[in-house]
Amino acid sequence: LAPSHQRRTLRISAPPGYSVGELPPGGEESGGAFGTARLEIAKDPKDPRTVVVKRTLVFDEHRIEPEQYAAWRAWLQRTDSLMHKGIRFTREGSR
């Protein structure tokens with residue numbers, strides 16, 4: 001459904017005995033007229049055992065013409081790759 005703007009904020013806490021490992025980079029994928037995807041990943045400044053993930057996805061075009069399919073699909077694949085980053089927790093004391 002377009003146009004649409006979706007923003008999700010996730011808080012992920014390490015289980016007892018674990019801490020947050022190295023975080024993957026966030027980033028942004030511009031789809032031009034199609035829209036924009038943005039991912040932010042950071043440790044919570046108030047709780048170092050918690051990660052805050054902010055995902056933003058904007059669809060601007062409500063109709064994709066057949067001649068745009070290749071560019072549309074390429075942007076969706078880049079967006080999918082951006083949004084599927086792994087977060088690792090490490091056992092405390094095992095660094």
# chains A, B, ... in the order shown; residues from 1 in each chain; ligands from 1

$ residues_around --residues "Val52 (chain A)" --least-positions-apart "4" --cutoff "8 Å" --atoms "only C-alpha atoms" --output "ChimeraX atom specification"
/A:9-12,40-44

$ residues_around --residues "region 66-80 of chain A" --least-positions-apart "6" --cutoff "8 Å" --atoms "only C-alpha atoms" --output "PyMOL selection string"
chain A and resi 29-31+34+37

$ select_by_dssp --residues "region 4-93 of chain A" --states "alpha helix (DSSP H)" --output "list in words"
Tyr69, Ala70, Ala71, Trp72, Arg73, Ala74, Trp75, Leu76, Gln77, Arg78, Thr79, Asp80, Ser81, Leu82 and Met83 of chain A

$ write_last_selection --atoms "all heavy atoms" --output "tab-separated table (two decimals), in the first residue's frame"
chain	number	residue	atom	x	y	z
A	69	TYR	N	10.18	-2.57	-13.27
A	69	TYR	CA	10.31	-3.76	-12.42
A	69	TYR	C	11.75	-4.09	-12.04
A	69	TYR	O	12.02	-4.44	-10.89
A	69	TYR	CB	9.67	-4.99	-13.08
A	69	TYR	CG	8.16	-5.01	-13.09
A	69	TYR	CD1	7.49	-6.02	-13.75
A	69	TYR	CD2	7.40	-4.02	-12.47
A	69	TYR	CE1	6.09	-6.05	-13.78
A	69	TYR	CE2	6.03	-4.04	-12.49
A	69	TYR	CZ	5.37	-5.06	-13.15
A	69	TYR	OH	4.00	-5.10	-13.18
A	70	ALA	N	12.67	-4.01	-12.97
A	70	ALA	CA	14.07	-4.38	-12.66
A	70	ALA	C	14.64	-3.45	-11.59
A	70	ALA	O	15.26	-3.91	-10.62
A	70	ALA	CB	14.92	-4.33	-13.91
A	71	ALA	N	14.42	-2.16	-11.71
A	71	ALA	CA	14.91	-1.19	-10.72
A	71	ALA	C	14.19	-1.37	-9.38
A	71	ALA	O	14.81	-1.30	-8.31
A	71	ALA	CB	14.74	0.24	-11.22
A	72	TRP	N	12.89	-1.62	-9.43
A	72	TRP	CA	12.09	-1.84	-8.23
A	72	TRP	C	12.60	-3.07	-7.47
A	72	TRP	O	12.84	-3.04	-6.28
A	72	TRP	CB	10.63	-2.01	-8.63
A	72	TRP	CG	9.69	-2.57	-7.61
A	72	TRP	CD1	9.12	-3.80	-7.62
A	72	TRP	CD2	9.18	-1.92	-6.44
A	72	TRP	NE1	8.29	-3.97	-6.53
A	72	TRP	CE2	8.30	-2.82	-5.80
A	72	TRP	CE3	9.37	-0.67	-5.88
A	72	TRP	CZ2	7.64	-2.51	-4.63
A	72	TRP	CZ3	8.70	-0.36	-4.70
A	72	TRP	CH2	7.85	-1.27	-4.08
A	73	ARG	N	12.79	-4.17	-8.21
A	73	ARG	CA	13.26	-5.40	-7.59
A	73	ARG	C	14.65	-5.23	-7.00
A	73	ARG	O	14.93	-5.71	-5.90
A	73	ARG	CB	13.26	-6.54	-8.61
A	73	ARG	CG	13.67	-7.84	-7.98
A	73	ARG	CD	13.52	-8.98	-8.92
A	73	ARG	NE	13.88	-10.20	-8.19
A	73	ARG	CZ	14.13	-11.34	-8.75
A	73	ARG	NH1	14.05	-11.47	-10.05
A	73	ARG	NH2	14.45	-12.38	-8.02
A	74	ALA	N	15.54	-4.54	-7.70
A	74	ALA	CA	16.90	-4.30	-7.18
A	74	ALA	C	16.84	-3.53	-5.87
A	74	ALA	O	17.56	-3.86	-4.92
A	74	ALA	CB	17.74	-3.56	-8.22
A	75	TRP	N	15.99	-2.50	-5.80
A	75	TRP	CA	15.87	-1.74	-4.56
A	75	TRP	C	15.30	-2.62	-3.44
A	75	TRP	O	15.79	-2.58	-2.31
A	75	TRP	CB	14.99	-0.50	-4.76
A	75	TRP	CG	14.77	0.26	-3.49
A	75	TRP	CD1	15.72	0.86	-2.71
A	75	TRP	CD2	13.53	0.47	-2.82
A	75	TRP	NE1	15.14	1.43	-1.60
A	75	TRP	CE2	13.79	1.21	-1.65
A	75	TRP	CE3	12.22	0.12	-3.11
A	75	TRP	CZ2	12.79	1.60	-0.78
A	75	TRP	CZ3	11.22	0.51	-2.22
A	75	TRP	CH2	11.52	1.24	-1.07
A	76	LEU	N	14.29	-3.41	-3.74
A	76	LEU	CA	13.73	-4.30	-2.71
A	76	LEU	C	14.75	-5.30	-2.20
A	76	LEU	O	14.80	-5.60	-1.00
A	76	LEU	CB	12.51	-5.04	-3.26
A	76	LEU	CG	11.26	-4.21	-3.49
A	76	LEU	CD1	10.14	-5.09	-4.05
A	76	LEU	CD2	10.81	-3.53	-2.22
A	77	GLN	N	15.61	-5.82	-3.08
A	77	GLN	CA	16.64	-6.77	-2.65
A	77	GLN	C	17.67	-6.08	-1.76
A	77	GLN	O	18.09	-6.65	-0.75
A	77	GLN	CB	17.32	-7.40	-3.86
A	77	GLN	CG	16.43	-8.39	-4.56
A	77	GLN	CD	17.03	-8.93	-5.84
A	77	GLN	OE1	17.76	-8.24	-6.55
A	77	GLN	NE2	16.72	-10.18	-6.15
A	78	ARG	N	18.06	-4.85	-2.11
A	78	ARG	CA	19.00	-4.11	-1.26
A	78	ARG	C	18.36	-3.79	0.09
A	78	ARG	O	18.99	-3.88	1.14
A	78	ARG	CB	19.46	-2.82	-1.95
A	78	ARG	CG	20.32	-3.04	-3.16
A	78	ARG	CD	20.98	-1.76	-3.67
A	78	ARG	NE	20.10	-0.60	-3.75
A	78	ARG	CZ	19.36	-0.26	-4.81
A	78	ARG	NH1	19.38	-1.02	-5.91
A	78	ARG	NH2	18.62	0.82	-4.79
A	79	THR	N	17.08	-3.43	0.07
A	79	THR	CA	16.34	-3.13	1.30
A	79	THR	C	16.24	-4.38	2.18
A	79	THR	O	16.45	-4.32	3.39
A	79	THR	CB	14.94	-2.58	0.96
A	79	THR	OG1	15.09	-1.35	0.27
A	79	THR	CG2	14.10	-2.37	2.20
A	80	ASP	N	15.93	-5.51	1.57
A	80	ASP	CA	15.84	-6.76	2.32
A	80	ASP	C	17.17	-7.09	2.99
A	80	ASP	O	17.22	-7.48	4.15
A	80	ASP	CB	15.41	-7.88	1.37
A	80	ASP	CG	15.11	-9.18	2.10
A	80	ASP	OD1	14.29	-9.16	3.03
A	80	ASP	OD2	15.70	-10.20	1.73
A	81	SER	N	18.25	-6.92	2.25
A	81	SER	CA	19.59	-7.18	2.81
A	81	SER	C	19.89	-6.24	3.97
A	81	SER	O	20.43	-6.64	4.99
A	81	SER	CB	20.63	-7.03	1.71
A	81	SER	OG	21.91	-7.24	2.22
A	82	LEU	N	19.53	-4.97	3.83
A	82	LEU	CA	19.75	-3.99	4.89
A	82	LEU	C	18.98	-4.35	6.15
A	82	LEU	O	19.52	-4.28	7.25
A	82	LEU	CB	19.34	-2.59	4.40
A	82	LEU	CG	19.35	-1.48	5.44
A	82	LEU	CD1	20.78	-1.18	5.89
A	82	LEU	CD2	18.68	-0.23	4.89
A	83	MET	N	17.73	-4.75	5.99
A	83	MET	CA	16.85	-4.97	7.14
A	83	MET	C	17.10	-6.28	7.87
A	83	MET	O	16.59	-6.49	8.96
A	83	MET	CB	15.38	-4.90	6.71
A	83	MET	CG	14.94	-3.56	6.22
A	83	MET	SD	15.05	-2.33	7.55
A	83	MET	CE	14.52	-0.88	6.68

$ residues_around --residues "Ile87 (chain A)" --least-positions-apart "6" --cutoff "9 Å" --atoms "only C-alpha atoms" --output "compact mmCIF listing (two decimals) with N, CA, C and O atoms, in the first residue's frame"
# COMPACT_ATOMS: atom_id res chain seq x y z
N VAL A 20 25.87 -7.56 24.92
CA VAL A 20 25.75 -7.25 23.51
C VAL A 20 27.12 -7.35 22.84
O VAL A 20 28.10 -6.79 23.32
N GLY A 21 27.18 -8.09 21.75
CA GLY A 21 28.41 -8.20 20.98
C GLY A 21 28.57 -7.00 20.05
O GLY A 21 27.87 -6.01 20.17
N GLU A 22 29.48 -7.12 19.11
CA GLU A 22 29.69 -6.05 18.14
C GLU A 22 28.44 -5.91 17.27
O GLU A 22 27.90 -6.91 16.79
N LEU A 23 27.99 -4.69 17.11
CA LEU A 23 26.76 -4.45 16.35
C LEU A 23 27.05 -4.27 14.86
O LEU A 23 28.06 -3.69 14.48
N PRO A 24 26.15 -4.77 14.01
CA PRO A 24 26.33 -4.57 12.57
C PRO A 24 26.01 -3.11 12.22
O PRO A 24 25.32 -2.43 12.98
N VAL A 51 19.76 -3.45 22.99
CA VAL A 51 20.00 -2.86 21.68
C VAL A 51 18.69 -2.23 21.21
O VAL A 51 17.61 -2.82 21.36

$ atom_distance --atom1 "CA of Pro48 (chain A)" --atom2 "CA of Gly93 (chain A)"
15.3 Å

$ residues_around --residues "Glu61 (chain A)" --least-positions-apart "5" --cutoff "7 Å" --atoms "only C-alpha atoms" --output "MDAnalysis selection string"
chainID A and resid 2:3 33:34

$ write_last_selection --atoms "N, CA and C atoms" --output "compact mmCIF listing (two decimals), in the first residue's frame"
# COMPACT_ATOMS: atom_id res chain seq x y z
N ALA A 2 0.70 2.07 -0.98
CA ALA A 2 1.51 3.28 -1.07
C ALA A 2 0.61 4.43 -1.45
N PRO A 3 0.97 5.61 -1.10
CA PRO A 3 2.16 5.92 -0.31
C PRO A 3 1.96 5.52 1.15
N ALA A 33 12.36 7.39 -6.68
CA ALA A 33 10.92 7.66 -6.63
C ALA A 33 10.14 6.56 -5.91
N PHE A 34 10.75 5.36 -5.76
CA PHE A 34 10.05 4.26 -5.10
C PHE A 34 9.91 4.49 -3.60

$ select_by_dssp --residues "chain A" --states "strand (DSSP E or B)" --output "PyMOL selection string"
chain A and resi 4-13+18-20+27-30+35-44+47-59+89-91

$ decode --residues "region 44-55 of chain A" --atoms "N, CA, C and O atoms" --output "JSON list (two decimals), in the first residue's frame"
[["chain", "number", "residue", "atom", "x", "y", "z"],
["A", 44, "ASP", "N", 21.45, 0.83, 23.83],
["A", 44, "ASP", "CA", 20.65, 1.77, 24.60],
["A", 44, "ASP", "C", 21.58, 2.50, 25.56],
["A", 44, "ASP", "O", 22.27, 1.85, 26.35],
["A", 45, "PRO", "N", 21.63, 3.83, 25.52],
["A", 45, "PRO", "CA", 22.53, 4.55, 26.42],
["A", 45, "PRO", "C", 22.19, 4.37, 27.90],
["A", 45, "PRO", "O", 23.04, 4.53, 28.76],
["A", 46, "LYS", "N", 20.96, 3.97, 28.20],
["A", 46, "LYS", "CA", 20.54, 3.77, 29.59],
["A", 46, "LYS", "C", 20.75, 2.34, 30.07],
["A", 46, "LYS", "O", 20.73, 2.08, 31.26],
["A", 47, "ASP", "N", 20.92, 1.40, 29.11],
["A", 47, "ASP", "CA", 21.08, 0.00, 29.47],
["A", 47, "ASP", "C", 22.00, -0.67, 28.45],
["A", 47, "ASP", "O", 21.56, -1.03, 27.36],
["A", 48, "PRO", "N", 23.28, -0.86, 28.78],
["A", 48, "PRO", "CA", 24.23, -1.41, 27.81],
["A", 48, "PRO", "C", 23.95, -2.85, 27.40],
["A", 48, "PRO", "O", 24.56, -3.36, 26.48],
["A", 49, "ARG", "N", 23.01, -3.53, 28.06],
["A", 49, "ARG", "CA", 22.65, -4.90, 27.70],
["A", 49, "ARG", "C", 21.46, -4.93, 26.73],
["A", 49, "ARG", "O", 20.95, -5.98, 26.38],
["A", 50, "THR", "N", 21.03, -3.74, 26.29],
["A", 50, "THR", "CA", 19.88, -3.64, 25.39],
["A", 50, "THR", "C", 20.28, -2.93, 24.10],
["A", 50, "THR", "O", 21.02, -1.95, 24.12],
["A", 51, "VAL", "N", 19.76, -3.45, 22.99],
["A", 51, "VAL", "CA", 20.00, -2.86, 21.68],
["A", 51, "VAL", "C", 18.69, -2.23, 21.21],
["A", 51, "VAL", "O", 17.61, -2.82, 21.36],
["A", 52, "VAL", "N", 18.77, -1.03, 20.64],
["A", 52, "VAL", "CA", 17.62, -0.35, 20.08],
["A", 52, "VAL", "C", 17.77, -0.38, 18.56],
["A", 52, "VAL", "O", 18.78, 0.09, 18.02],
["A", 53, "VAL", "N", 16.78, -0.94, 17.89],
["A", 53, "VAL", "CA", 16.79, -1.03, 16.43],
["A", 53, "VAL", "C", 15.63, -0.20, 15.90],
["A", 53, "VAL", "O", 14.48, -0.41, 16.32],
["A", 54, "LYS", "N", 15.93, 0.72, 15.01],
["A", 54, "LYS", "CA", 14.89, 1.55, 14.39],
["A", 54, "LYS", "C", 14.86, 1.24, 12.90],
["A", 54, "LYS", "O", 15.87, 1.39, 12.22],
["A", 55, "ARG", "N", 13.70, 0.80, 12.44],
["A", 55, "ARG", "CA", 13.53, 0.45, 11.03],
["A", 55, "ARG", "C", 12.49, 1.39, 10.43],
["A", 55, "ARG", "O", 11.37, 1.49, 10.95]]
